[in-house]
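Source file: query25.cif; contents: mmCIF, C-alpha atoms.
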```
data_start
#
loop_
_atom_site.label_atom_id
_atom_site.label_comp_id
_atom_site.auth_asym_id
_atom_site.auth_seq_id
_atom_site.Cartn_x
_atom_site.Cartn_y
_atom_site.Cartn_z
CA MET A 1 9.06 42.33 35.87
CA SER A 2 9.66 38.90 37.30
CA GLU A 3 7.06 36.26 38.02
CA ALA A 4 7.63 36.85 41.75
CA ASP A 5 6.21 40.37 41.41
CA ARG A 6 2.83 38.93 40.38
CA SER A 7 0.43 37.61 42.96
CA GLY A 8 -2.69 36.97 40.92
CA PRO A 9 -3.71 34.27 38.45
CA GLN A 10 -3.56 34.93 34.72
CA VAL A 11 -6.67 36.50 33.25
CA ASP A 12 -8.41 34.28 30.71
CA ALA A 13 -7.39 34.92 27.12
CA SER A 14 -11.04 35.41 26.12
CA GLU A 15 -11.42 38.38 28.47
CA THR A 16 -11.88 41.93 27.19
CA LEU A 17 -9.86 44.51 29.10
CA TYR A 18 -10.74 48.17 29.64
CA ARG A 19 -7.90 50.68 29.87
CA LEU A 20 -8.80 54.08 31.33
CA ILE A 21 -7.36 57.13 29.60
CA THR A 22 -6.94 59.53 32.50
CA THR A 23 -4.77 62.22 30.96
CA PRO A 24 -4.95 64.11 27.65
CA ASP A 25 -1.25 63.38 27.23
CA TRP A 26 -2.17 59.80 26.40
CA TRP A 27 -4.82 60.56 23.80
CA VAL A 28 -3.91 61.32 20.16
CA ALA A 29 -7.02 63.35 19.41
CA GLU A 30 -6.36 63.83 15.70
CA GLU A 31 -6.04 60.07 15.23
CA ARG A 32 -8.79 59.19 17.77
CA ARG A 33 -6.66 56.61 19.52
CA PRO A 34 -4.56 56.25 22.67
CA SER A 35 -0.88 57.10 22.63
CA SER A 36 1.47 54.15 22.91
CA ALA A 37 2.64 55.86 26.14
CA ALA A 38 -0.54 54.57 27.79
CA PHE A 39 0.83 51.02 27.36
CA ASP A 40 4.58 51.63 27.44
CA GLU A 41 5.01 50.75 31.10
CA PRO A 42 6.27 47.72 33.01
CA LYS A 43 2.88 47.51 34.77
CA PHE A 44 -0.47 49.21 34.28
CA SER A 45 -4.08 48.89 35.41
CA VAL A 46 -7.14 47.64 33.53
CA ASN A 47 -10.65 46.43 34.30
CA MET A 48 -11.94 43.00 33.26
CA ALA A 49 -15.10 43.61 31.24
CA SER A 50 -16.80 40.42 32.47
CA ARG A 51 -16.76 41.75 36.05
CA THR A 52 -17.87 45.29 35.41
CA THR A 53 -19.97 47.40 33.08
CA VAL A 54 -19.20 50.41 30.98
CA GLU A 55 -21.43 52.45 33.27
CA HIS A 56 -19.52 51.30 36.35
CA THR A 57 -16.20 52.11 34.68
CA LYS A 58 -17.49 55.57 33.75
CA ARG A 59 -18.44 56.06 37.39
CA GLN A 60 -14.92 55.00 38.37
CA LEU A 61 -13.54 57.75 36.13
CA ARG A 62 -15.89 60.33 37.63
CA GLU A 63 -15.84 59.39 41.29
CA ASP A 64 -12.70 57.40 42.12
CA LEU A 65 -10.34 59.21 39.76
CA ALA A 66 -12.08 62.59 39.42
CA ARG A 67 -11.60 62.44 35.65
CA PRO A 68 -15.10 62.84 34.21
CA ASP A 69 -13.55 63.88 30.89
CA GLY A 70 -11.43 60.72 30.67
CA GLY A 71 -11.94 57.88 28.23
CA ILE A 72 -12.09 54.09 28.04
CA VAL A 73 -10.52 51.88 25.39
CA SER A 74 -10.68 48.10 25.15
CA PHE A 75 -8.46 45.31 23.89
CA GLY A 76 -8.42 41.53 23.99
CA CYS A 77 -6.47 39.83 26.77
CA GLY A 78 -5.28 37.00 24.51
CA ARG A 79 -4.03 39.30 21.77
CA ALA A 80 -2.27 41.46 24.36
CA ARG A 81 -0.55 38.38 25.75
CA GLU A 82 0.71 37.56 22.24
CA LEU A 83 2.33 41.00 22.26
CA GLY A 84 3.96 40.36 25.66
CA PHE A 85 1.35 42.01 27.92
CA ASP A 86 0.37 39.54 30.66
CA ALA A 87 -2.84 40.41 32.56
CA ARG A 88 -3.17 39.19 36.15
CA ASP A 89 -6.26 39.17 38.32
CA GLU A 90 -5.02 41.46 41.10
CA ARG A 91 -6.68 44.16 43.20
CA ASP A 92 -5.64 47.79 43.23
CA GLU A 93 -4.51 48.65 46.78
CA ARG A 94 -6.00 52.14 46.46
CA PHE A 95 -9.42 50.89 45.35
CA PRO A 96 -9.78 47.35 46.76
CA HIS A 97 -13.55 47.41 46.20
CA ASN A 98 -12.95 47.20 42.44
CA VAL A 99 -13.06 43.44 41.90
CA ALA A 100 -12.76 43.93 38.12
CA HIS A 101 -9.23 45.30 38.46
CA ALA A 102 -6.25 43.55 36.87
CA HIS A 103 -2.61 44.50 36.43
CA VAL A 104 -0.94 44.10 33.04
CA TYR A 105 2.80 43.33 33.05
CA TYR A 106 5.03 43.70 30.04
CA ASP A 107 7.11 40.56 29.44
CA GLY A 108 8.72 41.39 26.13
CA GLY A 109 12.26 42.60 25.75
CA ARG A 110 13.45 46.18 25.81
CA ASN A 111 14.11 46.08 22.08
CA SER A 112 10.47 45.47 21.20
CA ARG A 113 8.53 47.27 23.93
CA LYS A 114 7.80 50.43 21.92
CA ARG A 115 6.64 48.44 18.89
CA ASN A 116 4.38 46.29 21.02
CA ALA A 117 2.95 49.25 22.91
CA ARG A 118 2.25 50.93 19.57
CA ARG A 119 0.59 47.78 18.20
CA LEU A 120 -1.60 47.49 21.27
CA ALA A 121 -2.56 51.17 21.05
CA LYS A 122 -3.50 50.70 17.39
CA GLU A 123 -5.67 47.66 18.11
CA CYS A 124 -7.71 49.28 20.87
CA ALA A 125 -11.40 49.95 20.35
CA ILE A 126 -12.94 53.12 21.72
CA VAL A 127 -15.51 52.41 24.43
CA LEU A 128 -15.84 55.98 25.66
CA GLU A 129 -14.08 58.75 23.75
CA PRO A 130 -12.32 61.24 26.05
CA THR A 131 -13.58 64.81 26.05
CA PHE A 132 -10.41 66.54 27.19
CA GLU A 133 -10.31 70.20 26.29
CA GLY A 134 -7.42 71.77 24.42
CA MET B 1 18.47 80.60 25.93
CA SER B 2 21.31 79.00 24.00
CA SER B 3 23.32 80.90 21.40
CA ARG B 4 22.07 78.36 18.86
CA PHE B 5 18.52 79.57 19.37
CA GLN B 6 19.50 83.20 19.37
CA LYS B 7 20.67 82.59 15.82
CA ALA B 8 17.51 80.72 14.85
CA SER B 9 14.72 82.20 12.78
CA SER B 10 11.59 83.51 14.48
CA HIS B 11 9.74 80.33 13.45
CA GLU B 12 12.39 78.14 15.01
CA ALA B 13 12.58 80.29 18.13
CA GLY B 14 8.80 80.00 18.38
CA ALA B 15 9.03 76.24 18.10
CA GLU B 16 11.59 76.17 20.87
CA SER B 17 9.34 78.32 23.02
CA VAL B 18 6.31 76.07 22.55
CA VAL B 19 8.26 72.91 23.36
CA ASP B 20 9.93 74.67 26.28
CA ARG B 21 6.55 75.52 27.76
CA GLU B 22 5.47 71.93 27.39
CA LEU B 23 8.63 70.77 29.16
CA ASP B 24 7.91 73.29 31.94
CA ARG B 25 4.44 71.79 32.26
CA LEU B 26 5.81 68.25 32.49
CA ALA B 27 8.42 69.35 35.03
CA SER B 28 5.62 70.62 37.26
CA LEU B 29 3.58 67.40 37.20
CA ALA B 30 3.10 66.01 40.70
CA PRO B 31 3.52 62.30 41.38
CA ASN B 32 0.38 60.33 40.46
CA TRP B 33 -0.35 62.70 37.55
CA ASP B 34 -1.91 59.76 35.67
CA TYR B 35 -4.07 58.87 38.73
CA GLU B 36 -2.38 55.45 38.69
CA GLY B 37 0.77 56.17 40.65
CA ALA B 38 3.00 57.67 37.95
CA LYS B 39 6.31 59.15 39.02
CA ALA B 40 7.08 62.85 38.70
CA ILE B 41 9.17 63.58 35.62
CA ASP B 42 12.86 63.38 36.47
CA GLN B 43 14.57 66.78 36.23
CA ALA B 44 17.58 65.17 34.56
CA ILE B 45 15.23 63.90 31.83
CA ILE B 46 13.76 67.40 31.39
CA ASP B 47 17.26 68.84 31.07
CA ALA B 48 18.22 66.17 28.54
CA ALA B 49 15.06 66.88 26.54
CA ARG B 50 15.87 70.60 26.45
CA SER B 51 19.37 69.79 25.29
CA LEU B 52 18.03 67.57 22.51
CA MET B 53 15.52 70.21 21.43
CA ALA B 54 18.32 72.76 21.19
CA GLU B 55 19.96 70.44 18.66
CA LEU B 56 16.76 69.64 16.77
CA SER B 57 15.08 73.01 16.59
CA PRO B 58 16.28 74.00 13.11
CA ASN B 59 14.71 70.76 11.82
CA LEU B 60 11.35 71.09 13.55
CA ALA B 61 9.06 71.90 10.65
CA ARG B 62 6.33 70.24 12.69
CA LEU B 63 6.18 70.49 16.46
CA PRO B 64 6.17 67.24 18.42
CA LYS B 65 3.69 66.32 21.07
CA VAL B 66 5.56 66.18 24.41
CA VAL B 67 4.28 63.17 26.32
CA PRO B 68 5.03 62.24 29.94
CA MET B 69 5.56 58.59 30.79
CA ALA B 70 4.59 56.87 34.01
CA LYS B 71 8.18 55.78 34.69
CA GLY B 72 9.19 59.44 35.15
CA ASN B 73 10.60 60.08 31.71
CA LEU B 74 9.07 61.52 28.50
CA GLN B 75 8.91 61.18 24.76
CA PHE B 76 8.44 63.41 21.73
CA GLU B 77 5.78 62.14 19.31
CA TRP B 78 4.95 63.03 15.71
CA HIS B 79 1.90 61.50 14.03
CA GLN B 80 0.45 61.64 10.55
CA GLY B 81 -2.06 58.91 9.85
CA GLU B 82 -0.26 55.59 10.12
CA ARG B 83 3.13 57.29 10.13
CA SER B 84 4.57 57.93 13.58
CA LEU B 85 7.87 58.82 15.12
CA GLU B 86 8.58 58.55 18.83
CA LEU B 87 11.81 59.75 20.46
CA GLU B 88 11.77 58.64 24.08
CA ILE B 89 14.33 60.10 26.48
CA GLU B 90 14.81 56.77 28.18
CA ASP B 91 17.48 58.08 30.53
CA PRO B 92 19.55 61.28 30.43
CA GLU B 93 22.03 59.69 28.01
CA THR B 94 19.80 57.49 25.84
CA ILE B 95 17.12 57.95 23.19
CA HIS B 96 14.84 54.99 22.46
CA TYR B 97 13.07 55.57 19.17
CA LEU B 98 10.17 54.07 17.24
CA LYS B 99 9.92 54.64 13.50
CA TRP B 100 6.50 53.42 12.45
CA HIS B 101 4.70 53.09 9.15
CA PRO B 102 3.30 49.56 8.80
CA GLU B 103 1.85 50.24 5.34
CA GLU B 104 5.43 50.67 4.13
CA GLY B 105 6.66 47.73 6.21
CA ILE B 106 8.45 50.01 8.65
CA GLU B 107 8.27 49.04 12.33
CA GLU B 108 11.77 49.96 13.44
CA GLU B 109 12.89 50.42 17.02
CA GLY B 110 16.28 51.08 18.56
CA THR B 111 18.41 53.17 20.85
CA PHE B 112 21.24 55.63 20.39
CA PRO B 113 23.17 58.03 22.63
CA LEU B 114 21.54 61.40 23.20
CA SER B 115 24.85 62.98 22.19
CA GLU B 116 24.29 61.72 18.63
CA ALA B 117 21.51 64.17 17.83
CA SER B 118 22.22 63.83 14.11
CA LEU B 119 20.50 60.44 14.24
CA ALA B 120 17.38 62.10 15.66
CA VAL B 121 17.56 64.69 12.87
CA GLU B 122 17.59 61.87 10.29
CA LEU B 123 14.51 60.32 11.88
CA ILE B 124 12.65 63.63 11.84
CA ARG B 125 13.57 64.10 8.18
CA TRP B 126 12.19 60.63 7.45
CA PHE B 127 8.93 61.56 9.13
CA MET B 128 8.66 64.91 7.36
CA ARG B 129 9.36 63.38 3.93
CA GLY B 130 6.34 61.17 4.39
CA VAL B 131 4.17 64.05 5.52
CA THR B 132 5.05 66.22 2.55
CA ASN B 133 4.35 63.28 0.20
CA VAL B 134 0.87 62.67 1.63
#
```

Can I see the file as structure tokens?
Amino acid sequence: MSEADRSGPQVDASETLYRLITTPDWWVAEERRPSSAAFDEPKFSVNMASRTTVEHTKRQLREDLARPDGGIVSFGCGRARELGFDARDERDERFPHNVAHAHVYYDGGRNSRKRNARRLAKECAIVLEPTFEG
Amino acid sequence: MSSRFQKASSHEAGAESVVDRELDRLASLAPNWDYEGAKAIDQAIIDAARSLMAELSPNLARLPKVVPMAKGNLQFEWHQGERSLELEIEDPETIHYLKWHPEEGIEEEGTFPLSEASLAVELIRWFMRGVTNV
């Protein structure tokens, strides 16, 4: 995605980002980690940890997204940027009250996007393990 | 059902059936299935995935996870510890693969035409060799 697609300022490299795991398709249960598919997108949503709490993000899963069985993983903004994932401080049009929201844009080339998504998935820490059934 | 599968063993036919059901499930996903605005899975991608599976079925000693992607496509995933294989149906004619085992220095990514299913077979054999050696 081009720079023109981004309206918000870059998120500070020291920020911790929360990625919500909203579907069992994006959770590798036997390995207890997210699938790279959760990051293999031109643009995806995260929360900035400094502007929210784990409890608030859990409530977001339950109430805004109706996914009480979903999970939360975290990763460092600076490390993600090294891998080509640029986080921008931008609101989600559907949930404008969430001031912690940021969009992450993938800047790397097509020939490295799967590797970088896989690396990011591997480096995530579990904040809240999903409880999807099946 | 293709004539290729009619000739397959009961195990292989079972594998085809399981993956087919998963592809049916993905085909029925409504837009926003990830609660973040994901596209519905493109029917042409589903058809291409079925075509690929018809070619791969005799080599499927281990069933893949069938994973939808927010862009409206899908990928097949195999995981065993640090060893992973991803075959993404990037568009109806193209497979984008990730061959991953960092402990062996393997972080390979590339694309090939869907019509060259023999390359996918080689990748699955690579994955299975590692699994049987574990």

| request: Tell me the residues of chain A close to chain B, meaning within 8 Å using all atoms listed in the file, as a list in words. | output: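 Every residue meeting the condition is included here: Thr22, Thr23, Asp25, Trp26, Glu31, Ala37, Ala38, Asp40, Glu41, Phe44, Ser45, Leu65, Asn111, Ser112, Lys114 and Arg115 of chain A.
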
| field | Atom-to-atom span, atom CA of A:His56 and atom CA of A:Thr131, Å | value |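 Computed distance, atom CA of A:His56 to atom CA of A:Thr131, equals 18.0 Å.
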
| field | Reference answer for the PyMOL selection byres ((chain B and resi 40-48) around 9), as a ChimeraX atom specification | value | /B:23-24,26-33,38-39,49-53,68-74,89-93,114

| request: Spell out the residues picked by the PyMOL selection byres ((chain B and resi 62) around 12) here, as JSON, numbers by chain. | output: {"B": [11, 12, 14, 15, 16, 18, 19, 56, 57, 58, 59, 60, 61, 63, 64, 65, 76, 77, 78, 79, 80, 85, 124, 125, 127, 128, 129, 131, 132]}

| Length of the atom CA of B:Ala120 to atom CA of B:Ala54 vector [Å] |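 Rounded to one decimal, the two atoms are 12.0 Å apart.
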
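Selection around (-8.1, 57.3, 27.3) with radius 7 Å, counting all atoms listed in the file, yields the residues Leu20, Ile21, Thr22, Thr23, Trp26, Trp27, Pro34, Gly70, Gly71, Ile72, Val73 and Pro130 of chain A.
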
| field | Non-local contacts of A:Pro9 (7 Å; all atoms listed in the file; under 2 positions in same chain excluded) as number ranges by chain | value | A: 7, 11, 88-89

| request: Return the single residue from A:Gly76, A:Gly84, A:Pro96, A:Gly108 that is closest to A:Tyr18, with distances computed using all atoms listed in the file. | output: A:Gly76

| request: Could you please determine the separation between atom CA of A:Thr16 and atom CA of A:Gly78 in Å, to one decimal place? | output: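 Computing the Euclidean distance for atom CA of A:Thr16 and atom CA of A:Gly78 yields 8.7 Å.
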
| task | Expand the PyMOL selection byres ((chain A and resi 119-124) around 6) into the individual residues it matches in the shown file, reporting them as a list in words. | result |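 Taken over the shown coordinates, the PyMOL selection byres ((chain A and resi 119-124) around 6) returns Pro34, Ser36, Val73, Ser74, Phe75, Asn116, Ala117, Arg118 and Ala125 of chain A.
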
| said: Nearest residue to B:Ser118 out of B:Arg83, B:Ser17, B:Glu55, B:Ile95, using only C-alpha atoms? | reply: B:Glu55

Excluding same-chain residues fewer than 4 positions from A:Arg91, what lies within 8 Å of it counting only C-alpha atoms, as a PDB file with C-alpha atoms, in the coordinates of the input?
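Final output, part_25.pdb:
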```pdb
ATOM      1  CA  PHE A  95      -9.420  50.890  45.350  1.00  0.00           C
ATOM      2  CA  PRO A  96      -9.780  47.350  46.760  1.00  0.00           C
ATOM      3  CA  ASN A  98     -12.950  47.200  42.440  1.00  0.00           C
ATOM      4  CA  VAL A  99     -13.060  43.440  41.900  1.00  0.00           C
ATOM      5  CA  ALA A 100     -12.760  43.930  38.120  1.00  0.00           C
ATOM      6  CA  HIS A 101      -9.230  45.300  38.460  1.00  0.00           C
ATOM      7  CA  ALA A 102      -6.250  43.550  36.870  1.00  0.00           C
ATOM      8  CA  HIS A 103      -2.610  44.500  36.430  1.00  0.00           C
TER       9      HIS A 103
END
```

| A:Asn47, A:Thr57, A:Thr52, A:Ser35 ranked by distance to A:Cys77, top pick (using all atoms listed in the file) |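 Closest to A:Cys77 of all the choices is A:Asn47.
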
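Comparing A:Arg79, A:Arg62, A:Lys43, A:His97 by their smallest distance to A:Arg6, the closest is A:Lys43 (using all atoms listed in the file).
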